[in-house]
$ cat work.txt   # compact mmCIF, C-alpha atoms (C1' of nucleotides)
# COMPACT_ATOMS: atom_id res chain seq x y z
CA MET X 201 54.78 -54.21 -130.53
CA ARG X 202 57.54 -56.57 -129.59
CA TRP X 203 61.17 -56.54 -130.67
CA ASN X 204 60.83 -59.65 -132.82
CA LYS X 205 57.97 -58.13 -134.83
CA LEU X 206 60.13 -55.15 -135.76
CA GLU X 207 62.42 -57.03 -138.12
CA ASP X 208 59.44 -58.17 -140.17
CA GLU X 209 58.36 -54.61 -141.02
CA ALA X 210 58.87 -53.46 -144.59
CA CYS X 211 61.08 -50.61 -143.42
CA SER X 212 64.84 -50.45 -143.43
CA VAL X 213 64.90 -48.34 -140.30
CA ALA X 214 62.77 -50.82 -138.40
CA ARG X 215 64.93 -53.71 -139.56
CA THR X 216 68.14 -51.98 -138.61
CA VAL X 217 66.70 -50.90 -135.29
CA SER X 218 65.79 -54.50 -134.58
CA VAL X 219 69.54 -55.23 -134.68
CA ILE X 220 71.17 -52.15 -133.14
CA GLY X 221 68.32 -50.12 -131.67
CA ASP X 222 69.29 -50.51 -128.08
CA ARG X 223 71.41 -48.19 -126.04
CA TRP X 224 73.83 -50.88 -124.86
CA THR X 225 74.24 -52.30 -128.33
CA LEU X 226 75.20 -48.91 -129.71
CA LEU X 227 77.76 -48.42 -126.95
CA ILE X 228 79.17 -51.89 -127.55
CA LEU X 229 79.58 -51.06 -131.22
CA ARG X 230 81.31 -47.79 -130.41
CA ASP X 231 83.87 -49.77 -128.45
CA CYS X 232 84.20 -52.37 -131.19
CA PHE X 233 85.35 -49.62 -133.56
CA LEU X 234 87.87 -48.57 -130.90
CA ARG X 235 89.22 -52.13 -131.08
CA VAL X 236 87.78 -53.42 -127.85
CA ARG X 237 87.17 -57.13 -128.24
CA ARG X 238 86.86 -58.97 -124.94
CA PHE X 239 84.02 -59.51 -122.52
CA GLU X 240 85.84 -58.16 -119.49
CA GLU X 241 87.05 -55.11 -121.37
CA PHE X 242 83.57 -54.24 -122.60
CA GLN X 243 82.22 -54.69 -119.12
CA ALA X 244 84.83 -52.48 -117.48
CA ARG X 245 84.52 -49.70 -120.07
CA LEU X 246 80.74 -49.64 -120.43
CA GLY X 247 79.60 -50.20 -116.89
CA VAL X 248 76.92 -52.51 -118.20
CA THR X 249 75.82 -55.47 -116.12
CA ARG X 250 77.24 -58.81 -117.12
CA PRO X 251 73.93 -60.51 -118.03
CA ILE X 252 72.98 -57.65 -120.36
CA LEU X 253 76.39 -57.60 -121.97
CA ALA X 254 76.25 -61.35 -122.53
CA SER X 255 72.78 -61.14 -124.05
CA ARG X 256 73.68 -58.24 -126.37
CA LEU X 257 76.88 -59.91 -127.56
CA ARG X 258 74.93 -63.10 -128.18
CA LYS X 259 72.40 -61.22 -130.27
CA LEU X 260 75.05 -59.38 -132.29
CA VAL X 261 76.73 -62.70 -133.05
CA LYS X 262 73.40 -64.24 -134.04
CA ASP X 263 72.82 -61.32 -136.42
CA PHE X 264 76.33 -61.66 -137.93
CA VAL X 265 77.45 -58.22 -136.81
CA LEU X 266 80.11 -59.70 -134.54
CA ALA X 267 81.93 -63.01 -134.80
CA LYS X 268 83.35 -65.00 -131.92
CA VAL X 269 86.91 -65.99 -132.77
CA PRO X 270 89.22 -67.93 -130.44
CA TYR X 271 92.33 -66.11 -129.32
CA GLN X 272 93.70 -68.92 -127.14
CA GLU X 273 93.04 -72.54 -126.22
CA ARG X 274 93.24 -74.18 -122.80
CA PRO X 275 91.29 -72.47 -121.47
CA LEU X 276 89.44 -71.81 -124.70
CA ARG X 277 88.72 -68.09 -124.93
CA TYR X 278 86.94 -66.08 -127.57
CA GLU X 279 87.01 -62.47 -128.59
CA TYR X 280 84.33 -60.55 -130.46
CA ARG X 281 85.26 -59.03 -133.79
CA LEU X 282 83.30 -56.99 -136.27
CA THR X 283 82.32 -58.87 -139.41
CA GLN X 284 82.02 -57.04 -142.73
CA LYS X 285 78.34 -56.51 -141.91
CA GLY X 286 79.46 -54.99 -138.63
CA LEU X 287 82.15 -52.84 -140.24
CA ASP X 288 79.47 -51.47 -142.53
CA LEU X 289 77.87 -49.89 -139.46
CA TYR X 290 80.73 -47.38 -139.42
CA PRO X 291 78.76 -44.53 -141.04
CA ILE X 292 76.02 -44.93 -138.43
CA VAL X 293 78.48 -44.79 -135.56
CA MET X 294 80.42 -41.91 -137.09
CA SER X 295 77.31 -39.84 -137.69
CA ILE X 296 76.21 -40.50 -134.11
CA VAL X 297 79.60 -39.36 -132.85
CA HIS X 298 79.49 -36.28 -135.01
CA TRP X 299 76.02 -35.25 -133.88
CA GLY X 300 77.14 -35.65 -130.28
CA ASP X 301 80.25 -33.58 -130.99
CA VAL X 302 78.19 -30.77 -132.48
CA HIS X 303 75.15 -30.75 -130.22
CA MET X 304 76.11 -32.37 -126.94
CA ALA X 305 79.76 -31.47 -126.34
CA GLY X 306 80.51 -29.77 -123.06
CA LYS X 307 82.26 -26.41 -122.91
CA LYS X 308 85.62 -28.14 -123.00
CA GLY X 309 84.95 -29.41 -126.51
CA ARG X 310 84.68 -32.85 -128.02
CA PRO X 311 86.13 -35.83 -126.16
CA LEU X 312 87.84 -37.39 -129.17
CA LEU X 313 89.19 -36.20 -132.49
CA HIS X 314 89.40 -38.16 -135.73
CA GLN X 315 92.35 -38.05 -138.05
CA HIS X 316 92.13 -39.34 -141.59
CA VAL X 317 95.21 -41.45 -142.27
CA ASN X 318 94.99 -40.88 -146.03
CA CYS X 319 95.28 -37.10 -145.81
CA GLY X 320 96.65 -36.64 -142.32
CA LYS X 321 94.06 -34.09 -141.27
CA ALA X 322 91.51 -33.95 -138.47
CA PHE X 323 88.09 -34.19 -140.08
CA ASP X 324 84.36 -34.41 -139.67
CA PRO X 325 82.26 -36.96 -141.53
CA VAL X 326 80.12 -35.52 -144.33
CA MET X 327 77.32 -37.37 -146.07
CA ILE X 328 77.04 -36.90 -149.80
CA CYS X 329 74.94 -38.12 -152.72
CA SER X 330 76.53 -41.09 -154.48
CA ALA X 331 75.31 -39.77 -157.83
CA CYS X 332 76.44 -36.16 -157.85
CA GLY X 333 78.69 -35.81 -154.80
CA GLU X 334 76.79 -32.93 -153.24
CA PRO X 335 76.22 -32.91 -149.47
CA LEU X 336 72.79 -34.24 -148.55
CA SER X 337 70.07 -32.25 -146.89
CA PRO X 338 66.63 -33.64 -146.02
CA LYS X 339 64.93 -30.90 -148.03
CA HIS X 340 66.55 -32.02 -151.27
CA VAL X 341 65.62 -35.68 -151.09
CA HIS X 342 62.46 -37.19 -152.52
CA VAL X 343 61.29 -40.54 -151.24
CA LEU X 344 59.89 -42.99 -153.77
CA ARG X 345 58.23 -46.35 -153.47
CA GLY X 346 60.77 -49.16 -153.85
CA PRO X 347 60.31 -52.72 -155.08
CA GLY X 348 60.22 -54.10 -151.51
CA ALA X 349 57.34 -51.87 -150.37
CA THR X 350 54.33 -53.76 -149.02
CA SER X 351 51.82 -52.32 -146.62
CA PRO X 352 50.80 -48.73 -147.34
CA ARG X 353 51.06 -48.13 -143.62
CA HIS X 354 54.80 -47.74 -143.97
CA LEU X 355 54.79 -45.49 -146.97
CA PRO X 356 55.32 -41.81 -146.42
CA PRO X 357 52.04 -39.87 -146.22
CA HIS X 358 52.57 -38.19 -149.59
CA LEU X 359 52.67 -41.60 -151.30
CA GLN X 360 49.66 -43.17 -149.65
CA ALA X 361 47.08 -41.68 -152.01
CA ALA X 362 48.99 -42.97 -155.02
CA GLU X 363 49.25 -46.37 -153.35
CA ALA X 364 45.50 -46.48 -152.74
CA LYS X 365 44.95 -46.06 -156.47
CA ARG X 366 47.42 -48.83 -157.28
CA GLN X 367 45.44 -51.20 -155.07
CA ARG X 368 42.15 -50.87 -156.98
CA PRO X 369 42.57 -50.18 -160.68
CA ALA X 370 39.51 -52.43 -161.09
CA ARG X 371 37.60 -52.18 -157.85
CA SER X 372 36.11 -55.71 -157.90
CA SER X 373 39.38 -57.33 -156.81
CA ARG X 374 39.64 -58.56 -153.24
CA SER X 375 43.34 -57.68 -153.10
CA GLN X 376 42.95 -54.79 -150.68
CA ARG X 377 43.22 -57.28 -147.76
CA MET D 937 73.90 -47.68 -115.22
CA ARG D 938 70.76 -45.65 -115.62
CA TRP D 939 69.66 -43.57 -118.58
CA ASN D 940 70.23 -40.27 -116.84
CA LYS D 941 73.87 -41.12 -116.09
CA LEU D 942 74.55 -41.72 -119.75
CA GLU D 943 74.41 -38.10 -120.83
CA ASP D 944 77.11 -37.21 -118.32
CA GLU D 945 79.67 -39.52 -119.88
CA ALA D 946 82.54 -37.90 -121.73
CA CYS D 947 81.61 -39.69 -124.92
CA SER D 948 79.70 -38.32 -127.85
CA VAL D 949 78.12 -41.67 -128.58
CA ALA D 950 76.83 -42.00 -125.03
CA ARG D 951 75.45 -38.48 -125.09
CA THR D 952 73.72 -38.99 -128.41
CA VAL D 953 72.39 -42.35 -127.32
CA SER D 954 70.92 -40.70 -124.24
CA VAL D 955 68.74 -38.70 -126.64
CA ILE D 956 67.93 -41.11 -129.47
CA GLY D 957 69.09 -44.52 -128.25
CA ASP D 958 65.69 -46.09 -128.03
CA ARG D 959 63.95 -48.12 -130.65
CA TRP D 960 60.76 -46.07 -130.61
CA THR D 961 62.61 -42.78 -130.74
CA LEU D 962 64.47 -43.85 -133.86
CA LEU D 963 61.22 -44.89 -135.53
CA ILE D 964 59.58 -41.61 -134.56
CA LEU D 965 62.47 -39.73 -136.12
CA ARG D 966 62.21 -41.78 -139.30
CA ASP D 967 58.62 -40.65 -139.60
CA CYS D 968 59.51 -37.04 -138.79
CA PHE D 969 61.76 -37.00 -141.86
CA LEU D 970 58.83 -38.36 -143.86
CA ARG D 971 56.89 -35.31 -142.71
CA VAL D 972 54.69 -37.00 -140.15
CA ARG D 973 53.86 -34.48 -137.46
CA ARG D 974 50.81 -35.39 -135.40
CA PHE D 975 50.26 -37.64 -132.45
CA GLU D 976 47.52 -39.73 -134.02
CA GLU D 977 49.49 -40.15 -137.21
CA PHE D 978 52.60 -41.36 -135.39
CA GLN D 979 50.49 -43.73 -133.39
CA ALA D 980 48.75 -45.24 -136.40
CA ARG D 981 51.96 -45.63 -138.41
CA LEU D 982 54.24 -46.91 -135.67
CA GLY D 983 51.97 -49.23 -133.77
CA VAL D 984 53.46 -47.90 -130.57
CA THR D 985 51.29 -47.62 -127.49
CA ARG D 986 50.01 -44.16 -126.69
CA PRO D 987 51.75 -43.74 -123.32
CA ILE D 988 55.12 -44.62 -124.83
CA LEU D 989 54.59 -42.30 -127.75
CA ALA D 990 53.64 -39.47 -125.43
CA SER D 991 56.70 -40.01 -123.25
CA ARG D 992 59.09 -40.17 -126.22
CA LEU D 993 57.68 -37.04 -127.82
CA ARG D 994 57.93 -35.26 -124.50
CA LYS D 995 61.58 -36.23 -124.20
CA LEU D 996 62.42 -35.18 -127.75
CA VAL D 997 60.83 -31.80 -127.10
CA LYS D 998 62.72 -31.46 -123.84
CA ASP D 999 65.97 -32.18 -125.70
CA PHE D 1000 65.13 -29.63 -128.44
CA VAL D 1001 65.03 -32.23 -131.19
CA LEU D 1002 61.35 -31.59 -131.83
CA ALA D 1003 59.30 -28.47 -131.20
CA LYS D 1004 55.59 -28.33 -130.45
CA VAL D 1005 53.98 -25.75 -132.69
CA PRO D 1006 50.24 -24.97 -132.74
CA TYR D 1007 48.48 -25.69 -136.02
CA GLN D 1008 45.02 -24.58 -134.85
CA GLU D 1009 43.30 -22.94 -131.91
CA ARG D 1010 39.98 -23.83 -130.31
CA PRO D 1011 40.66 -26.60 -129.62
CA LEU D 1012 44.32 -25.80 -129.33
CA ARG D 1013 46.30 -28.49 -131.13
CA TYR D 1014 50.01 -28.90 -131.58
CA GLU D 1015 52.13 -30.70 -134.10
CA TYR D 1016 55.69 -31.89 -133.67
CA ARG D 1017 58.32 -30.49 -135.99
CA LEU D 1018 62.03 -31.11 -136.27
CA THR D 1019 64.20 -28.27 -135.02
CA GLN D 1020 67.58 -27.59 -136.60
CA LYS D 1021 69.10 -29.89 -133.99
CA GLY D 1022 66.62 -32.52 -135.10
CA LEU D 1023 67.25 -31.93 -138.80
CA ASP D 1024 70.93 -32.49 -138.09
CA LEU D 1025 70.07 -36.09 -137.24
CA TYR D 1026 69.52 -36.72 -140.94
CA PRO D 1027 72.88 -38.41 -141.56
CA ILE D 1028 72.19 -40.82 -138.72
CA VAL D 1029 68.78 -41.74 -140.07
CA MET D 1030 70.04 -41.99 -143.64
CA SER D 1031 72.93 -44.24 -142.70
CA ILE D 1032 70.55 -46.45 -140.72
CA VAL D 1033 68.26 -46.68 -143.73
CA HIS D 1034 71.17 -47.48 -146.00
CA TRP D 1035 72.53 -50.23 -143.78
CA GLY D 1036 69.06 -51.76 -143.67
CA ASP D 1037 68.76 -51.51 -147.43
CA VAL D 1038 72.07 -53.29 -147.94
CA HIS D 1039 71.98 -55.90 -145.19
CA MET D 1040 68.36 -56.45 -144.23
CA ALA D 1041 66.34 -56.02 -147.43
CA GLY D 1042 64.11 -58.95 -148.38
CA LYS D 1043 64.42 -60.65 -151.73
CA LYS D 1044 62.02 -58.10 -153.21
CA GLY D 1045 64.51 -55.30 -152.65
CA ARG D 1046 64.45 -52.13 -150.62
CA PRO D 1047 61.12 -50.71 -149.49
CA LEU D 1048 61.89 -47.09 -150.42
CA LEU D 1049 64.18 -45.31 -152.87
CA HIS D 1050 65.75 -41.89 -152.47
CA GLN D 1051 66.00 -39.38 -155.25
CA HIS D 1052 68.28 -36.37 -155.01
CA VAL D 1053 66.36 -33.32 -156.16
CA ASN D 1054 69.53 -31.44 -157.12
CA CYS D 1055 70.69 -34.04 -159.64
CA GLY D 1056 67.51 -35.99 -160.24
CA LYS D 1057 69.08 -39.39 -159.67
CA ALA D 1058 68.35 -42.21 -157.26
CA PHE D 1059 71.27 -42.38 -154.86
CA ASP D 1060 72.85 -43.95 -151.81
CA PRO D 1061 74.37 -41.88 -149.02
CA VAL D 1062 78.17 -41.95 -148.87
CA MET D 1063 80.23 -40.71 -145.97
CA ILE D 1064 83.39 -38.82 -146.80
CA CYS D 1065 86.24 -36.99 -145.07
CA SER D 1066 85.56 -33.26 -144.79
CA ALA D 1067 89.24 -32.53 -145.36
CA CYS D 1068 90.07 -34.55 -148.46
CA GLY D 1069 86.71 -35.80 -149.75
CA GLU D 1070 87.67 -39.47 -149.79
CA PRO D 1071 85.13 -42.06 -148.59
CA LEU D 1072 85.72 -43.06 -144.98
CA SER D 1073 86.67 -46.51 -143.82
CA PRO D 1074 87.28 -47.45 -140.19
CA LYS D 1075 90.76 -48.70 -141.01
CA HIS D 1076 91.91 -45.30 -142.21
CA VAL D 1077 90.84 -43.30 -139.21
CA HIS D 1078 92.98 -42.61 -136.16
CA VAL D 1079 91.32 -41.59 -132.94
CA LEU D 1080 93.04 -38.90 -130.89
CA ARG D 1081 92.37 -37.43 -127.50
CA GLY D 1082 90.21 -34.30 -127.74
CA PRO D 1083 90.00 -31.29 -125.45
CA GLY D 1084 86.82 -32.61 -123.79
CA ALA D 1085 88.34 -35.96 -122.77
CA THR D 1086 88.17 -36.69 -119.05
CA SER D 1087 88.27 -40.12 -117.51
CA PRO D 1088 90.74 -42.50 -119.14
CA ARG D 1089 88.02 -45.10 -118.91
CA HIS D 1090 86.45 -43.71 -122.07
CA LEU D 1091 89.59 -43.38 -124.09
CA PRO D 1092 90.32 -46.04 -126.64
CA PRO D 1093 92.64 -48.73 -125.34
CA HIS D 1094 95.56 -47.60 -127.49
CA LEU D 1095 95.49 -44.18 -125.80
CA GLN D 1096 95.23 -45.29 -122.22
CA ALA D 1097 98.95 -45.88 -121.71
CA ALA D 1098 99.72 -42.39 -123.02
CA GLU D 1099 97.04 -40.99 -120.74
CA ALA D 1100 98.55 -42.70 -117.71
CA LYS D 1101 101.87 -40.96 -118.46
CA ARG D 1102 100.13 -37.61 -118.82
CA GLN D 1103 98.70 -38.02 -115.34
CA ARG D 1104 102.08 -38.28 -113.62
CA PRO D 1105 104.87 -36.43 -115.44
CA ALA D 1106 106.39 -35.66 -112.01
CA ARG D 1107 105.11 -38.33 -109.72
CA SER D 1108 104.90 -36.10 -106.62
CA SER D 1109 101.95 -34.09 -107.97
CA ARG D 1110 98.53 -34.89 -106.62
CA SER D 1111 96.95 -34.16 -110.00
CA GLN D 1112 95.90 -37.74 -110.66
CA ARG D 1113 92.57 -37.01 -108.94
C1' DG I 113 20.92 -29.83 -124.26
C1' DG I 114 22.33 -34.46 -125.26
C1' DT I 115 24.98 -37.40 -128.57
C1' DG I 116 28.76 -38.33 -131.21
C1' DG I 117 33.30 -37.45 -133.49
C1' DA I 118 38.14 -35.73 -133.62
C1' DT I 119 42.48 -34.98 -131.28
C1' DG I 120 45.78 -35.64 -127.76
C1' DG I 121 46.65 -37.39 -124.25
C1' DT I 122 46.53 -40.15 -118.90
C1' DT I 123 45.29 -44.22 -115.78
C1' DT I 124 45.40 -48.80 -114.51
C1' DC I 125 47.07 -53.27 -114.28
C1' DG I 126 49.56 -57.39 -115.67
C1' DT I 127 53.80 -58.94 -118.19
C1' DT I 128 58.70 -58.36 -119.55
C1' DA I 129 63.30 -56.58 -119.13
C1' DT I 130 66.97 -54.73 -116.50
C1' DT I 131 69.79 -54.26 -112.36
C1' DG I 132 73.05 -55.64 -108.79
C1' DA I 133 75.07 -59.09 -106.38
C1' DA I 134 76.58 -63.50 -105.91
C1' DC I 135 77.90 -67.76 -107.85
C1' DC I 136 80.00 -71.19 -111.28
C1' DT I 137 83.54 -73.33 -114.50
C1' DA I 138 87.92 -74.28 -116.61
C1' DC I 139 92.33 -73.55 -116.56
C1' DG I 140 97.24 -71.93 -115.00
C1' DC I 141 100.43 -70.59 -111.38
C1' DT I 142 102.90 -71.12 -107.03
C1' DA U 1423 95.65 -76.55 -101.91
C1' DG U 1424 94.65 -72.06 -102.72
C1' DC U 1425 94.53 -67.96 -105.60
C1' DG U 1426 93.92 -65.44 -109.97
C1' DT U 1427 91.85 -64.80 -114.63
C1' DA U 1428 88.30 -64.89 -118.23
C1' DG U 1429 83.72 -65.50 -119.39
C1' DG U 1430 79.97 -66.27 -118.28
C1' DT U 1431 74.96 -67.83 -115.40
C1' DT U 1432 71.44 -67.55 -111.54
C1' DC U 1433 68.49 -65.12 -108.57
C1' DA U 1434 65.46 -61.64 -106.28
C1' DA U 1435 64.02 -56.83 -106.53
C1' DT U 1436 62.89 -52.96 -109.42
C1' DA U 1437 61.82 -50.42 -113.61
C1' DA U 1438 59.88 -50.18 -118.16
C1' DC U 1439 56.52 -51.70 -121.43
C1' DG U 1440 51.96 -53.30 -123.55
C1' DA U 1441 46.94 -53.40 -123.92
C1' DA U 1442 42.83 -51.53 -122.90
C1' DA U 1443 40.10 -48.24 -121.01
C1' DC U 1444 39.28 -43.65 -119.64
C1' DC U 1445 39.45 -38.35 -119.67
C1' DA U 1446 39.36 -33.41 -121.52
C1' DT U 1447 38.32 -29.97 -125.19
C1' DC U 1448 36.07 -28.37 -128.61
C1' DC U 1449 32.72 -28.62 -132.50
C1' DA U 1450 28.66 -30.10 -135.18
C1' DC U 1451 24.21 -31.90 -135.39
C1' DC U 1452 19.57 -33.14 -134.01
$ encode --input "work.txt" --output "C-alpha cells"
Amino acid sequence: MRWNKLEDEACSVARTVSVIGDRWTLLILRDCFLRVRRFEEFQARLGVTRPILASRLRKLVKDFVLAKVPYQERPLRYEYRLTQKGLDLYPIVMSIVHWGDVHMAGKKGRPLLHQHVNCGKAFDPVMICSACGEPLSPKHVHVLRGPGATSPRHLPPHLQAAEAKRQRPARSSRSQR
Amino acid sequence: MRWNKLEDEACSVARTVSVIGDRWTLLILRDCFLRVRRFEEFQARLGVTRPILASRLRKLVKDFVLAKVPYQERPLRYEYRLTQKGLDLYPIVMSIVHWGDVHMAGKKGRPLLHQHVNCGKAFDPVMICSACGEPLSPKHVHVLRGPGATSPRHLPPHLQAAEAKRQRPARSSRSQR
DNA sequence: GGTGGATGGTTTCGTTATTGAACCTACGCT
DNA sequence: AGCGTAGGTTCAATAACGAAACCATCCACC
C-alpha cells in the first residue's frame, strides 16, 4: 500500500500517520516545539539530507501543520512555524518524549527535563480521561463503532461480528459490496 | 543518517522514533491495542506485504515491545503480545488517534469512539502535568538540560549559549572534547 | 499415501525512496 | 569582482518497498 492510500483509510491512526508517520517528520516536529524554525537550523541539528528536509517541510506545509512566514525581504526568506493544527500535535510529541525517557534513557538519565511554568515544577505528562479525570490504561477502555466507520476491515475484531449482522438485516440486499 | 545511528542520539524522541518511527509499525501497534495478535490477522487488516510485516514484527520483538508467545503446539504457532514496554506506548497511540479524530475526520465523524470503563462515558484523552494536574500546552513548558544531555547539538537553541559557557569556565581546560 | 487447507513465514525481481555530493539563485558586504 | 549567507535543486548510486510466488509444518480426509 502506498502513502497516498493511507489517508483515505477510515482510521484516525492511518490518517495521522499519513501526515507524521515518518522518522524525519517526527524529528522535525520535535525541533519545531523547541522553537527551531529555519531550514539551515533544521538541517544542522537533524543531520538530514537537504532534499529530504525540503520534501518533508513541503509536505507539512501542504498539510497545514507548518506555515511558511517571511521573516525578511530582499532576499525574501521564510521560516517554518507551527500552525494551530501543528501545535495540537504536542501531546503526541510529549508522549513520545516520555516513553523514550522511561524506556530508552541511558544510565546517565534523560537528556532533557520539562518544567511546567504554571506550577514551577519538573513534571511528566500524564494522560487522563476527559470525563472523569482518571489516568488512562488500555485495559479500561472499550472501543465502539463511531459514525465515521466504513469498512469492517478496520473495526476491531470484537466488533466485526456485530458489523456483519448490521450489513444484512434482510439478506436480499446487495449492500454487502 | 541511517536508522541504526538514530538510537544512539541523546534525544528521547530520536530513540523512540528508532523503535516506532515507521508507518507500518505504528499501524501494527494500533492493531495490537485492538487485541490483534496473529500474523495472518495483521496482514489481512493492514494490507501490508508479508515480508514487511515479518520484518517489523521481528524488530518489535527484538526491542521488547512485543513478545512471541506460543498459543498451540504441533504445529507450533506463536502470537504477538504487547509487553509492559509495549503497553506503555498507549498514550502515544491514543494521542495519535485523538489528533486524527480532531483534524482528519471526514464529514461523517470519527471512525471509532472510546468509552472509559471506570466511568462509563465516551471520552477524549487529555494530557496533564503530573505535578499540578493542569492540562499541558507547549507555551507553558520550559525545557531544561537533563543529566543525560551530551552534545550541544541536541539541546534546544535557547540552551546552547549556556552550554557553551559550561564547556569553558576556565578556558585553559581541555574539557571541551 | 496423495491432496488440500491453515499458519507463518522467505525468495525473487522490478519499482520507489533515500543518500551524499555538488550545484544554483538572489541578495548583501567589502 | 569576489566572498558569504540562506534556501533550496539536480544527479548518480544505494537501500527499502511492493507484488507475486514459493516453502515448511502439521493435520484431516479420501
$ residues_around --input "work.txt" --residues "DT1431 (chain U)" --least-positions-apart "4" --cutoff "9 Å" --atoms "only C-alpha atoms (C1' of nucleotides)" --output "number ranges by chain"
X: 251; I: 135-136
$ residues_around --input "work.txt" --residues "region 1436-1448 of chain U" --least-positions-apart "6" --cutoff "7 Å" --atoms "all atoms listed in the file" --output "JSON, numbers by chain"
{"D": [985, 1010, 1011]}
$ write_last_selection --input "work.txt" --atoms "C-alpha atoms" --output "mmCIF file, keeping the file's coordinate frame"
data_model
loop_
_atom_site.group_PDB
_atom_site.id
_atom_site.type_symbol
_atom_site.label_atom_id
_atom_site.label_comp_id
_atom_site.auth_asym_id
_atom_site.auth_seq_id
_atom_site.Cartn_x
_atom_site.Cartn_y
_atom_site.Cartn_z
ATOM 1 C CA THR D 985 51.290 -47.620 -127.490
ATOM 2 C CA ARG D 1010 39.980 -23.830 -130.310
ATOM 3 C CA PRO D 1011 40.660 -26.600 -129.620
#
$ interface_residues --input "work.txt" --of "chain X" --to "chain U" --cutoff "12 Å" --atoms "only C-alpha atoms (C1' of nucleotides)" --output "VMD selection string"
chain X and resid 201 to 203 238 to 243 249 to 255 257 to 258 271 to 272 274 to 279
$ write_last_selection --input "work.txt" --atoms "C-alpha atoms" --output "short mmCIF file (atom, residue, chain, number, x, y, z; two decimals), in the coordinates of the input"
data_model
loop_
_atom_site.label_atom_id
_atom_site.label_comp_id
_atom_site.auth_asym_id
_atom_site.auth_seq_id
_atom_site.Cartn_x
_atom_site.Cartn_y
_atom_site.Cartn_z
CA MET X 201 54.78 -54.21 -130.53
CA ARG X 202 57.54 -56.57 -129.59
CA TRP X 203 61.17 -56.54 -130.67
CA ARG X 238 86.86 -58.97 -124.94
CA PHE X 239 84.02 -59.51 -122.52
CA GLU X 240 85.84 -58.16 -119.49
CA GLU X 241 87.05 -55.11 -121.37
CA PHE X 242 83.57 -54.24 -122.60
CA GLN X 243 82.22 -54.69 -119.12
CA THR X 249 75.82 -55.47 -116.12
CA ARG X 250 77.24 -58.81 -117.12
CA PRO X 251 73.93 -60.51 -118.03
CA ILE X 252 72.98 -57.65 -120.36
CA LEU X 253 76.39 -57.60 -121.97
CA ALA X 254 76.25 -61.35 -122.53
CA SER X 255 72.78 -61.14 -124.05
CA LEU X 257 76.88 -59.91 -127.56
CA ARG X 258 74.93 -63.10 -128.18
CA TYR X 271 92.33 -66.11 -129.32
CA GLN X 272 93.70 -68.92 -127.14
CA ARG X 274 93.24 -74.18 -122.80
CA PRO X 275 91.29 -72.47 -121.47
CA LEU X 276 89.44 -71.81 -124.70
CA ARG X 277 88.72 -68.09 -124.93
CA TYR X 278 86.94 -66.08 -127.57
CA GLU X 279 87.01 -62.47 -128.59
#
$ atom_distance --input "work.txt" --atom1 "CA of Val265 (chain X)" --atom2 "CA of Leu1049 (chain D)"
24.5 Å
$ interface_residues --input "work.txt" --of "chain I" --to "chain X" --cutoff "8 Å" --atoms "all atoms listed in the file" --output "VMD selection string"
chain I and resid 130 to 132 138 to 139
$ closest_residue --input "work.txt" --among "X:Leu229, X:Leu312, X:Val236, X:Val261" --to "Ala1085 (chain D)" --atoms "all atoms listed in the file"
X:Leu312
$ interface_residues --input "work.txt" --of "chain X" --to "chain D" --cutoff "6 Å" --atoms "all atoms listed in the file" --output "MDAnalysis selection string"
chainID X and resid 212:213 216 221:223 234 245 292 295:297 300:301 308:317 323:331 340:349 353 356
$ atom_distance --input "work.txt" --atom1 "CA of Arg992 (chain D)" --atom2 "CA of Gln360 (chain X)"
25.4 Å
$ atom_distance --input "work.txt" --atom1 "CA of Gln284 (chain X)" --atom2 "CA of Val269 (chain X)"
14.3 Å
$ axis_aligned_box --input "work.txt" --around "region 1432-1437 of chain U" --padding-each-side "4 Å" --output "JSON"
{"center_x": 66.6, "center_y": -59.0, "center_z": -109.9, "size_x": 17.6, "size_y": 25.1, "size_z": 15.3}
$ decode --input "work.txt" --residues "region 1030-1040 of chain D" --atoms "N, CA and C atoms" --output "compact mmCIF listing (two decimals), in the first residue's frame"
# COMPACT_ATOMS: atom_id res chain seq x y z
N MET D 1030 -2.93 6.71 21.67
CA MET D 1030 -4.17 7.45 21.93
C MET D 1030 -4.07 8.90 21.47
N SER D 1031 -2.92 9.52 21.64
CA SER D 1031 -2.84 10.91 21.21
C SER D 1031 -2.81 11.00 19.69
N ILE D 1032 -2.27 9.98 19.03
CA ILE D 1032 -2.32 9.94 17.56
C ILE D 1032 -3.77 9.78 17.10
N VAL D 1033 -4.49 8.88 17.74
CA VAL D 1033 -5.90 8.69 17.39
C VAL D 1033 -6.67 9.99 17.59
N HIS D 1034 -6.41 10.64 18.71
CA HIS D 1034 -7.19 11.84 19.01
C HIS D 1034 -6.90 12.96 18.02
N TRP D 1035 -5.65 13.12 17.65
CA TRP D 1035 -5.32 14.16 16.66
C TRP D 1035 -6.01 13.85 15.34
N GLY D 1036 -6.01 12.59 14.96
CA GLY D 1036 -6.71 12.21 13.73
C GLY D 1036 -8.20 12.46 13.84
N ASP D 1037 -8.78 12.16 14.98
CA ASP D 1037 -10.20 12.41 15.18
C ASP D 1037 -10.53 13.89 15.01
N VAL D 1038 -9.67 14.73 15.58
CA VAL D 1038 -9.96 16.17 15.56
C VAL D 1038 -9.65 16.79 14.20
N HIS D 1039 -8.52 16.41 13.61
CA HIS D 1039 -8.06 17.15 12.43
C HIS D 1039 -8.24 16.42 11.11
N MET D 1040 -8.48 15.13 11.14
CA MET D 1040 -8.52 14.39 9.88
C MET D 1040 -9.81 13.62 9.67
